[in-house]
file structure_7.csv (CSV, C-alpha atoms and all ligand atoms)
chain,number,residue,atom,x,y,z
A,1,MET,CA,0.0,0.0,0.0
A,2,ASP,CA,1.5,3.4,-0.9
A,3,GLU,CA,1.4,6.5,1.1
A,4,ARG,CA,-1.6,8.1,-0.6
A,5,GLU,CA,-3.7,4.9,-0.2
A,6,GLN,CA,-2.7,4.8,3.5
A,7,ILE,CA,-4.0,8.4,3.9
A,8,LEU,CA,-7.2,7.5,2.1
A,9,TRP,CA,-7.8,4.4,4.4
A,10,THR,CA,-7.0,6.5,7.5
A,11,ALA,CA,-9.6,9.0,6.4
A,12,LEU,CA,-12.2,6.3,5.8
A,13,GLU,CA,-11.6,4.9,9.2
A,14,GLU,CA,-12.9,8.2,10.6
A,15,VAL,CA,-16.3,7.7,8.9
A,16,LYS,CA,-18.6,6.1,11.4
A,17,ASP,CA,-21.7,4.0,10.7
A,18,PRO,CA,-24.7,6.3,11.4
A,19,GLU,CA,-26.4,3.5,13.2
A,20,ILE,CA,-23.5,2.4,15.4
A,21,PRO,CA,-21.4,5.6,15.9
A,22,THR,CA,-18.5,3.8,17.5
A,23,VAL,CA,-17.8,1.6,14.5
A,24,SER,CA,-16.2,2.8,11.3
A,25,VAL,CA,-17.4,1.9,7.8
A,26,VAL,CA,-14.1,0.1,7.3
A,27,GLU,CA,-14.7,-2.1,10.4
A,28,MET,CA,-18.3,-2.7,9.2
A,29,GLY,CA,-16.9,-4.1,5.9
A,30,ILE,CA,-18.8,-1.5,4.0
A,31,ILE,CA,-15.8,-0.4,1.9
A,32,GLU,CA,-15.3,-3.0,-0.9
A,33,SER,CA,-12.4,-1.4,-2.6
A,34,VAL,CA,-10.5,1.9,-3.3
A,35,LEU,CA,-8.8,3.0,-6.5
A,36,ILE,CA,-6.6,6.0,-6.7
A,37,ASP,CA,-6.1,7.5,-10.2
A,38,GLY,CA,-4.2,10.7,-10.2
A,39,PRO,CA,-6.1,13.3,-8.2
A,40,ARG,CA,-9.2,11.2,-8.0
A,41,ALA,CA,-10.1,8.4,-5.5
A,42,SER,CA,-12.9,6.1,-6.3
A,43,VAL,CA,-14.4,4.2,-3.3
A,44,THR,CA,-16.7,1.3,-3.8
A,45,MET,CA,-19.1,0.8,-0.9
A,46,ILE,CA,-21.5,-2.1,-0.2
A,47,PRO,CA,-24.8,-0.9,1.4
A,48,THR,CA,-25.5,-2.8,4.5
A,49,PHE,CA,-29.3,-2.9,4.1
A,50,SER,CA,-31.0,-2.3,0.8
A,51,GLY,CA,-33.3,0.7,1.1
A,52,CYS,CA,-31.5,1.7,4.3
A,53,PRO,CA,-32.2,5.4,4.8
A,54,ALA,CA,-28.7,5.8,6.1
A,55,LEU,CA,-27.3,4.9,2.7
A,56,HIS,CA,-27.2,8.6,1.5
A,57,VAL,CA,-25.7,9.7,4.8
A,58,ILE,CA,-22.9,7.1,4.6
A,59,ARG,CA,-22.3,7.9,1.0
A,60,ASP,CA,-22.0,11.7,1.6
A,61,ASP,CA,-19.8,11.1,4.7
A,62,ILE,CA,-17.5,8.9,2.7
A,63,ALA,CA,-17.2,11.5,-0.1
A,64,GLU,CA,-16.5,14.2,2.4
A,65,ALA,CA,-13.8,12.2,4.1
A,66,VAL,CA,-12.2,11.4,0.7
A,67,ARG,CA,-12.2,15.1,-0.2
A,68,GLY,CA,-10.9,15.9,3.2
A,69,ALA,CA,-7.9,13.7,2.5
A,70,GLY,CA,-7.2,15.8,-0.6
A,71,PHE,CA,-8.7,13.7,-3.4
A,72,GLU,CA,-11.5,14.3,-5.9
A,73,ALA,CA,-14.1,11.9,-4.6
A,74,GLU,CA,-16.1,9.3,-6.4
A,75,VAL,CA,-18.3,7.0,-4.4
A,76,ILE,CA,-19.7,3.9,-6.2
A,77,VAL,CA,-22.4,1.8,-4.7
A,78,SER,CA,-21.7,-1.8,-5.2
A,79,ARG,CA,-24.3,-4.3,-6.2
A,80,LYS,CA,-22.7,-6.9,-4.0
A,81,ALA,CA,-24.8,-7.9,-1.0
A,82,TRP,CA,-23.4,-7.0,2.4
A,83,SER,CA,-23.3,-9.8,4.9
A,84,THR,CA,-22.8,-9.7,8.7
A,85,ASP,CA,-19.8,-12.0,7.9
A,86,ARG,CA,-18.0,-8.8,6.7
A,87,LEU,CA,-18.0,-7.4,10.2
A,88,SER,CA,-14.4,-7.2,11.5
A,89,GLU,CA,-13.4,-8.5,14.9
A,90,SER,CA,-13.0,-5.0,16.2
A,91,ALA,CA,-16.6,-4.1,15.0
A,92,ARG,CA,-18.0,-7.1,16.9
A,93,GLU,CA,-16.0,-6.1,19.9
A,94,LYS,CA,-17.2,-2.5,19.9
A,95,MET,CA,-20.8,-3.6,19.3
A,96,ARG,CA,-20.6,-5.9,22.3
A,97,ALA,CA,-19.3,-3.0,24.3
A,98,ILE,CA,-22.5,-1.0,23.7
A,99,GLY,CA,-24.8,-4.0,24.4
A,100,LEU,CA,-25.3,-5.0,20.8
A,101,ALA,CA,-24.8,-8.7,19.9
A,102,SER,CA,-23.7,-9.3,16.4
A,103,ALA,CA,-24.5,-12.3,14.2
A,104,ARG,CA,-21.7,-14.9,14.3
A,105,PRO,CA,-19.7,-15.6,11.2
A,106,HIS,CA,-22.0,-18.1,9.4
A,107,GLY,CA,-20.5,-18.6,5.9
A,108,GLY,CA,-23.9,-18.1,4.3
A,109,ASN,CA,-25.8,-20.5,6.7
A,110,VAL,CA,-28.1,-17.8,8.0
A,111,GLU,CA,-30.6,-20.3,9.4
A,112,TRP,CA,-27.9,-22.0,11.5
A,113,GLU,CA,-27.0,-18.6,12.9
A,114,MET,CA,-30.6,-17.8,13.8
A,115,LEU,CA,-31.1,-21.1,15.7
A,116,ALA,CA,-27.8,-21.0,17.7
A,117,PRO,CA,-28.0,-19.5,21.2
A,118,VAL,CA,-27.1,-15.8,21.4
A,119,PRO,CA,-24.6,-15.0,24.1
A,120,CYS,CA,-25.5,-11.9,26.2
A,121,PRO,CA,-23.1,-9.0,25.4
A,122,TYR,CA,-23.2,-8.0,29.1
A,123,CYS,CA,-22.6,-11.2,31.0
A,124,GLY,CA,-21.9,-13.8,28.3
A,125,SER,CA,-24.8,-16.1,29.4
A,126,GLU,CA,-26.3,-18.1,26.6
A,127,ASN,CA,-29.6,-18.3,28.5
A,128,THR,CA,-31.2,-15.7,26.3
A,129,ALA,CA,-34.4,-15.5,24.4
A,130,VAL,CA,-36.0,-13.3,21.6
A,131,GLU,CA,-38.2,-10.7,23.2
A,132,ASN,CA,-39.2,-9.0,20.0
A,133,SER,CA,-38.0,-9.9,16.6
A,134,PHE,CA,-38.7,-6.4,15.4
A,135,GLY,CA,-36.3,-4.1,17.1
A,136,PRO,CA,-35.8,-0.4,16.6
A,137,THR,CA,-34.6,-1.0,13.0
A,138,LEU,CA,-35.3,-3.9,10.6
A,139,CYS,CA,-31.8,-5.2,11.2
A,140,ARG,CA,-32.1,-5.7,14.9
A,141,ALA,CA,-34.0,-7.9,17.2
A,142,ILE,CA,-34.6,-7.3,20.9
A,143,MET,CA,-33.3,-10.1,23.1
A,144,TYR,CA,-33.7,-10.8,26.8
A,145,CYS,CA,-31.0,-12.3,29.1
A,146,ASN,CA,-32.2,-14.6,31.9
A,147,GLY,CA,-28.8,-14.5,33.4
A,148,CYS,CA,-28.5,-10.8,34.2
A,149,ARG,CA,-32.1,-9.8,33.4
A,150,GLN,CA,-31.3,-7.2,30.9
A,151,SER,CA,-32.6,-6.6,27.4
A,152,PHE,CA,-30.1,-6.2,24.6
A,153,GLU,CA,-30.2,-5.9,20.8
A,154,LYS,CA,-29.0,-8.4,18.3
A,155,PHE,CA,-27.9,-7.5,14.8
A,156,LYS,CA,-29.7,-10.1,12.7
A,157,PRO,CA,-27.6,-12.3,10.4
A,158,LEU,CA,-27.4,-11.4,6.7
B,201,ZN,ZN,-26.7,-11.2,30.6
call {"tool": "encode", "arguments": {"input": "structure_7.csv", "output": "structure tokens"}}
result
Amino acid sequence: MDEREQILWTALEEVKDPEIPTVSVVEMGIIESVLIDGPRASVTMIPTFSGCPALHVIRDDIAEAVRGAGFEAEVIVSRKAWSTDRLSESAREKMRAIGLASARPHGGNVEWEMLAPVPCPYCGSENTAVENSFGPTLCRAIMYCNGCRQSFEKFKPL
């Protein structure tokens, strides 16, 4: 990776996911690729949820960060489907820290992931149950931990 590419990635790491403000779009696996061509940087992003209202926000934030790093910005929205498997270890860790359980890496076997017990992000107990499969957003379910008697949210597998 050359120096300009390094600068670009550092700038992208400053762009946070609007839904999970502690996690960057890089950690979320939203950035598919970057291409620097002279003064211009093209960033290809994978939208996390189709029709997600945050898409425009993320796109604008990425473009702004790219310009802030001194490039002409081009942001391309990929047709590739995002998966919770793209979440980095640091994203999972930061989500756990704010009481949000992330889907485990499932390699495409979403049903297996849905059926497996969900460890509580607060106490680690697997004695948890779905309280409401429709959380505050389409991508989250509300869970309840019988261990520490707290509700938490789970990022549904995709
Ligand atoms: Zn618990």
call {"tool": "residues_around", "arguments": {"input": "structure_7.csv", "residues": "Ser125 (chain A)", "least_positions_apart": "4", "cutoff": "10 Å", "atoms": "only C-alpha atoms", "output": "MDAnalysis selection string"}}
result
chainID A and resid 117:121 145:148
call {"tool": "write_last_selection", "arguments": {"input": "structure_7.csv", "atoms": "C-alpha atoms", "output": "mmCIF file, in the coordinates of the input"}}
result
data_model
loop_
_atom_site.group_PDB
_atom_site.id
_atom_site.type_symbol
_atom_site.label_atom_id
_atom_site.label_comp_id
_atom_site.auth_asym_id
_atom_site.auth_seq_id
_atom_site.Cartn_x
_atom_site.Cartn_y
_atom_site.Cartn_z
ATOM 1 C CA PRO A 117 -28.000 -19.500 21.200
ATOM 2 C CA VAL A 118 -27.100 -15.800 21.400
ATOM 3 C CA PRO A 119 -24.600 -15.000 24.100
ATOM 4 C CA CYS A 120 -25.500 -11.900 26.200
ATOM 5 C CA PRO A 121 -23.100 -9.000 25.400
ATOM 6 C CA CYS A 145 -31.000 -12.300 29.100
ATOM 7 C CA ASN A 146 -32.200 -14.600 31.900
ATOM 8 C CA GLY A 147 -28.800 -14.500 33.400
ATOM 9 C CA CYS A 148 -28.500 -10.800 34.200
#
call {"tool": "atom_distance", "arguments": {"input": "structure_7.csv", "atom1": "CA of Met114 (chain A)", "atom2": "CA of Val23 (chain A)"}}
result
23.3 Å
call {"tool": "residues_around", "arguments": {"input": "structure_7.csv", "residues": "region 94-110 of chain A", "least_positions_apart": "4", "cutoff": "12 Å", "atoms": "all atoms listed in the file", "output": "count of residues only"}}
result
49
call {"tool": "atom_distance", "arguments": {"input": "structure_7.csv", "atom1": "CA of Val77 (chain A)", "atom2": "CA of Val57 (chain A)"}}
result
12.8 Å
call {"tool": "residues_around", "arguments": {"input": "structure_7.csv", "residues": "Asp61 (chain A)", "least_positions_apart": "2", "cutoff": "12 Å", "atoms": "only C-alpha atoms", "output": "PyMOL selection string"}}
result
chain A and resi 11-18+24-25+43+45+54-59+63-68+73-75
call {"tool": "write_last_selection", "arguments": {"input": "structure_7.csv", "atoms": "C-alpha atoms", "output": "short mmCIF file (atom, residue, chain, number, x, y, z; two decimals), in the coordinates of the input"}}
result
data_model
loop_
_atom_site.label_atom_id
_atom_site.label_comp_id
_atom_site.auth_asym_id
_atom_site.auth_seq_id
_atom_site.Cartn_x
_atom_site.Cartn_y
_atom_site.Cartn_z
CA ALA A 11 -9.60 9.00 6.40
CA LEU A 12 -12.20 6.30 5.80
CA GLU A 13 -11.60 4.90 9.20
CA GLU A 14 -12.90 8.20 10.60
CA VAL A 15 -16.30 7.70 8.90
CA LYS A 16 -18.60 6.10 11.40
CA ASP A 17 -21.70 4.00 10.70
CA PRO A 18 -24.70 6.30 11.40
CA SER A 24 -16.20 2.80 11.30
CA VAL A 25 -17.40 1.90 7.80
CA VAL A 43 -14.40 4.20 -3.30
CA MET A 45 -19.10 0.80 -0.90
CA ALA A 54 -28.70 5.80 6.10
CA LEU A 55 -27.30 4.90 2.70
CA HIS A 56 -27.20 8.60 1.50
CA VAL A 57 -25.70 9.70 4.80
CA ILE A 58 -22.90 7.10 4.60
CA ARG A 59 -22.30 7.90 1.00
CA ALA A 63 -17.20 11.50 -0.10
CA GLU A 64 -16.50 14.20 2.40
CA ALA A 65 -13.80 12.20 4.10
CA VAL A 66 -12.20 11.40 0.70
CA ARG A 67 -12.20 15.10 -0.20
CA GLY A 68 -10.90 15.90 3.20
CA ALA A 73 -14.10 11.90 -4.60
CA GLU A 74 -16.10 9.30 -6.40
CA VAL A 75 -18.30 7.00 -4.40
#
call {"tool": "closest_residue", "arguments": {"input": "structure_7.csv", "among": "A:Leu35, A:Leu138, A:Ala129, A:Ala41", "to": "ligand ZN 201 (chain B)", "atoms": "all atoms listed in the file"}}
result
A:Ala129
call {"tool": "closest_residue", "arguments": {"input": "structure_7.csv", "among": "A:Ser78, A:Ser33, A:Thr10, A:Asn127", "to": "ligand ZN 201 (chain B)", "atoms": "all atoms listed in the file"}}
result
A:Asn127
call {"tool": "atom_distance", "arguments": {"input": "structure_7.csv", "atom1": "CA of Val26 (chain A)", "atom2": "CA of Thr48 (chain A)"}}
result
12.1 Å
call {"tool": "build_atoms", "arguments": {"input": "structure_7.csv", "residues": "region 46-78 of chain A", "atoms": "N, CA and C atoms", "output": "short mmCIF file (atom, residue, chain, number, x, y, z; two decimals), in the coordinates of the input"}}
result
data_model
loop_
_atom_site.label_atom_id
_atom_site.label_comp_id
_atom_site.auth_asym_id
_atom_site.auth_seq_id
_atom_site.Cartn_x
_atom_site.Cartn_y
_atom_site.Cartn_z
N ILE A 46 -20.39 -1.11 -0.13
CA ILE A 46 -21.50 -2.10 -0.20
C ILE A 46 -22.53 -1.65 0.85
N PRO A 47 -23.74 -1.29 0.38
CA PRO A 47 -24.80 -0.90 1.40
C PRO A 47 -25.14 -2.01 2.28
N THR A 48 -25.26 -1.72 3.58
CA THR A 48 -25.50 -2.80 4.50
C THR A 48 -26.95 -3.34 4.37
N PHE A 49 -27.92 -2.47 4.22
CA PHE A 49 -29.30 -2.90 4.10
C PHE A 49 -29.89 -2.21 2.89
N SER A 50 -30.47 -2.96 1.96
CA SER A 50 -31.00 -2.30 0.80
C SER A 50 -32.18 -1.43 1.24
N GLY A 51 -32.23 -0.24 0.70
CA GLY A 51 -33.30 0.70 1.10
C GLY A 51 -33.04 1.31 2.45
N CYS A 52 -31.86 1.09 2.97
CA CYS A 52 -31.50 1.70 4.30
C CYS A 52 -31.47 3.19 4.13
N PRO A 53 -32.24 3.91 4.94
CA PRO A 53 -32.20 5.40 4.80
C PRO A 53 -30.87 5.99 5.09
N ALA A 54 -30.02 5.24 5.77
CA ALA A 54 -28.70 5.80 6.10
C ALA A 54 -27.75 5.77 4.92
N LEU A 55 -28.15 5.10 3.84
CA LEU A 55 -27.30 4.90 2.70
C LEU A 55 -26.72 6.28 2.19
N HIS A 56 -27.62 7.26 2.02
CA HIS A 56 -27.20 8.60 1.50
C HIS A 56 -26.25 9.26 2.47
N VAL A 57 -26.55 9.09 3.74
CA VAL A 57 -25.70 9.70 4.80
C VAL A 57 -24.31 9.11 4.70
N ILE A 58 -24.24 7.79 4.65
CA ILE A 58 -22.90 7.10 4.60
C ILE A 58 -22.18 7.54 3.34
N ARG A 59 -22.89 7.56 2.23
CA ARG A 59 -22.30 7.90 1.00
C ARG A 59 -21.70 9.34 1.00
N ASP A 60 -22.48 10.27 1.52
CA ASP A 60 -22.00 11.70 1.60
C ASP A 60 -20.83 11.76 2.59
N ASP A 61 -20.91 11.03 3.69
CA ASP A 61 -19.80 11.10 4.70
C ASP A 61 -18.53 10.54 4.09
N ILE A 62 -18.65 9.47 3.29
CA ILE A 62 -17.50 8.90 2.70
C ILE A 62 -16.86 9.89 1.68
N ALA A 63 -17.73 10.50 0.85
CA ALA A 63 -17.20 11.50 -0.10
C ALA A 63 -16.55 12.64 0.55
N GLU A 64 -17.12 13.08 1.65
CA GLU A 64 -16.50 14.20 2.40
C GLU A 64 -15.16 13.83 2.95
N ALA A 65 -15.06 12.62 3.49
CA ALA A 65 -13.80 12.20 4.10
C ALA A 65 -12.72 12.06 2.97
N VAL A 66 -13.14 11.57 1.80
CA VAL A 66 -12.20 11.40 0.70
C VAL A 66 -11.69 12.79 0.24
N ARG A 67 -12.61 13.76 0.16
CA ARG A 67 -12.20 15.10 -0.20
C ARG A 67 -11.32 15.73 0.87
N GLY A 68 -11.67 15.45 2.11
CA GLY A 68 -10.90 15.90 3.20
C GLY A 68 -9.45 15.43 3.21
N ALA A 69 -9.26 14.27 2.61
CA ALA A 69 -7.90 13.70 2.50
C ALA A 69 -7.18 14.21 1.28
N GLY A 70 -7.82 15.12 0.53
CA GLY A 70 -7.20 15.80 -0.60
C GLY A 70 -7.39 15.17 -1.94
N PHE A 71 -8.41 14.36 -2.06
CA PHE A 71 -8.70 13.70 -3.40
C PHE A 71 -9.99 14.31 -3.95
N GLU A 72 -10.14 14.13 -5.25
CA GLU A 72 -11.50 14.30 -5.90
C GLU A 72 -12.19 12.99 -5.56
N ALA A 73 -13.43 13.12 -5.11
CA ALA A 73 -14.10 11.90 -4.60
C ALA A 73 -15.09 11.34 -5.61
N GLU A 74 -15.07 10.04 -5.70
CA GLU A 74 -16.10 9.30 -6.40
C GLU A 74 -16.53 8.15 -5.54
N VAL A 75 -17.82 8.08 -5.25
CA VAL A 75 -18.30 7.00 -4.40
C VAL A 75 -19.24 6.11 -5.26
N ILE A 76 -18.88 4.86 -5.40
CA ILE A 76 -19.70 3.90 -6.20
C ILE A 76 -20.40 2.98 -5.26
N VAL A 77 -21.69 2.79 -5.49
CA VAL A 77 -22.40 1.80 -4.70
C VAL A 77 -22.41 0.48 -5.35
N SER A 78 -21.82 -0.48 -4.66
CA SER A 78 -21.70 -1.80 -5.20
C SER A 78 -22.99 -2.56 -5.27
#
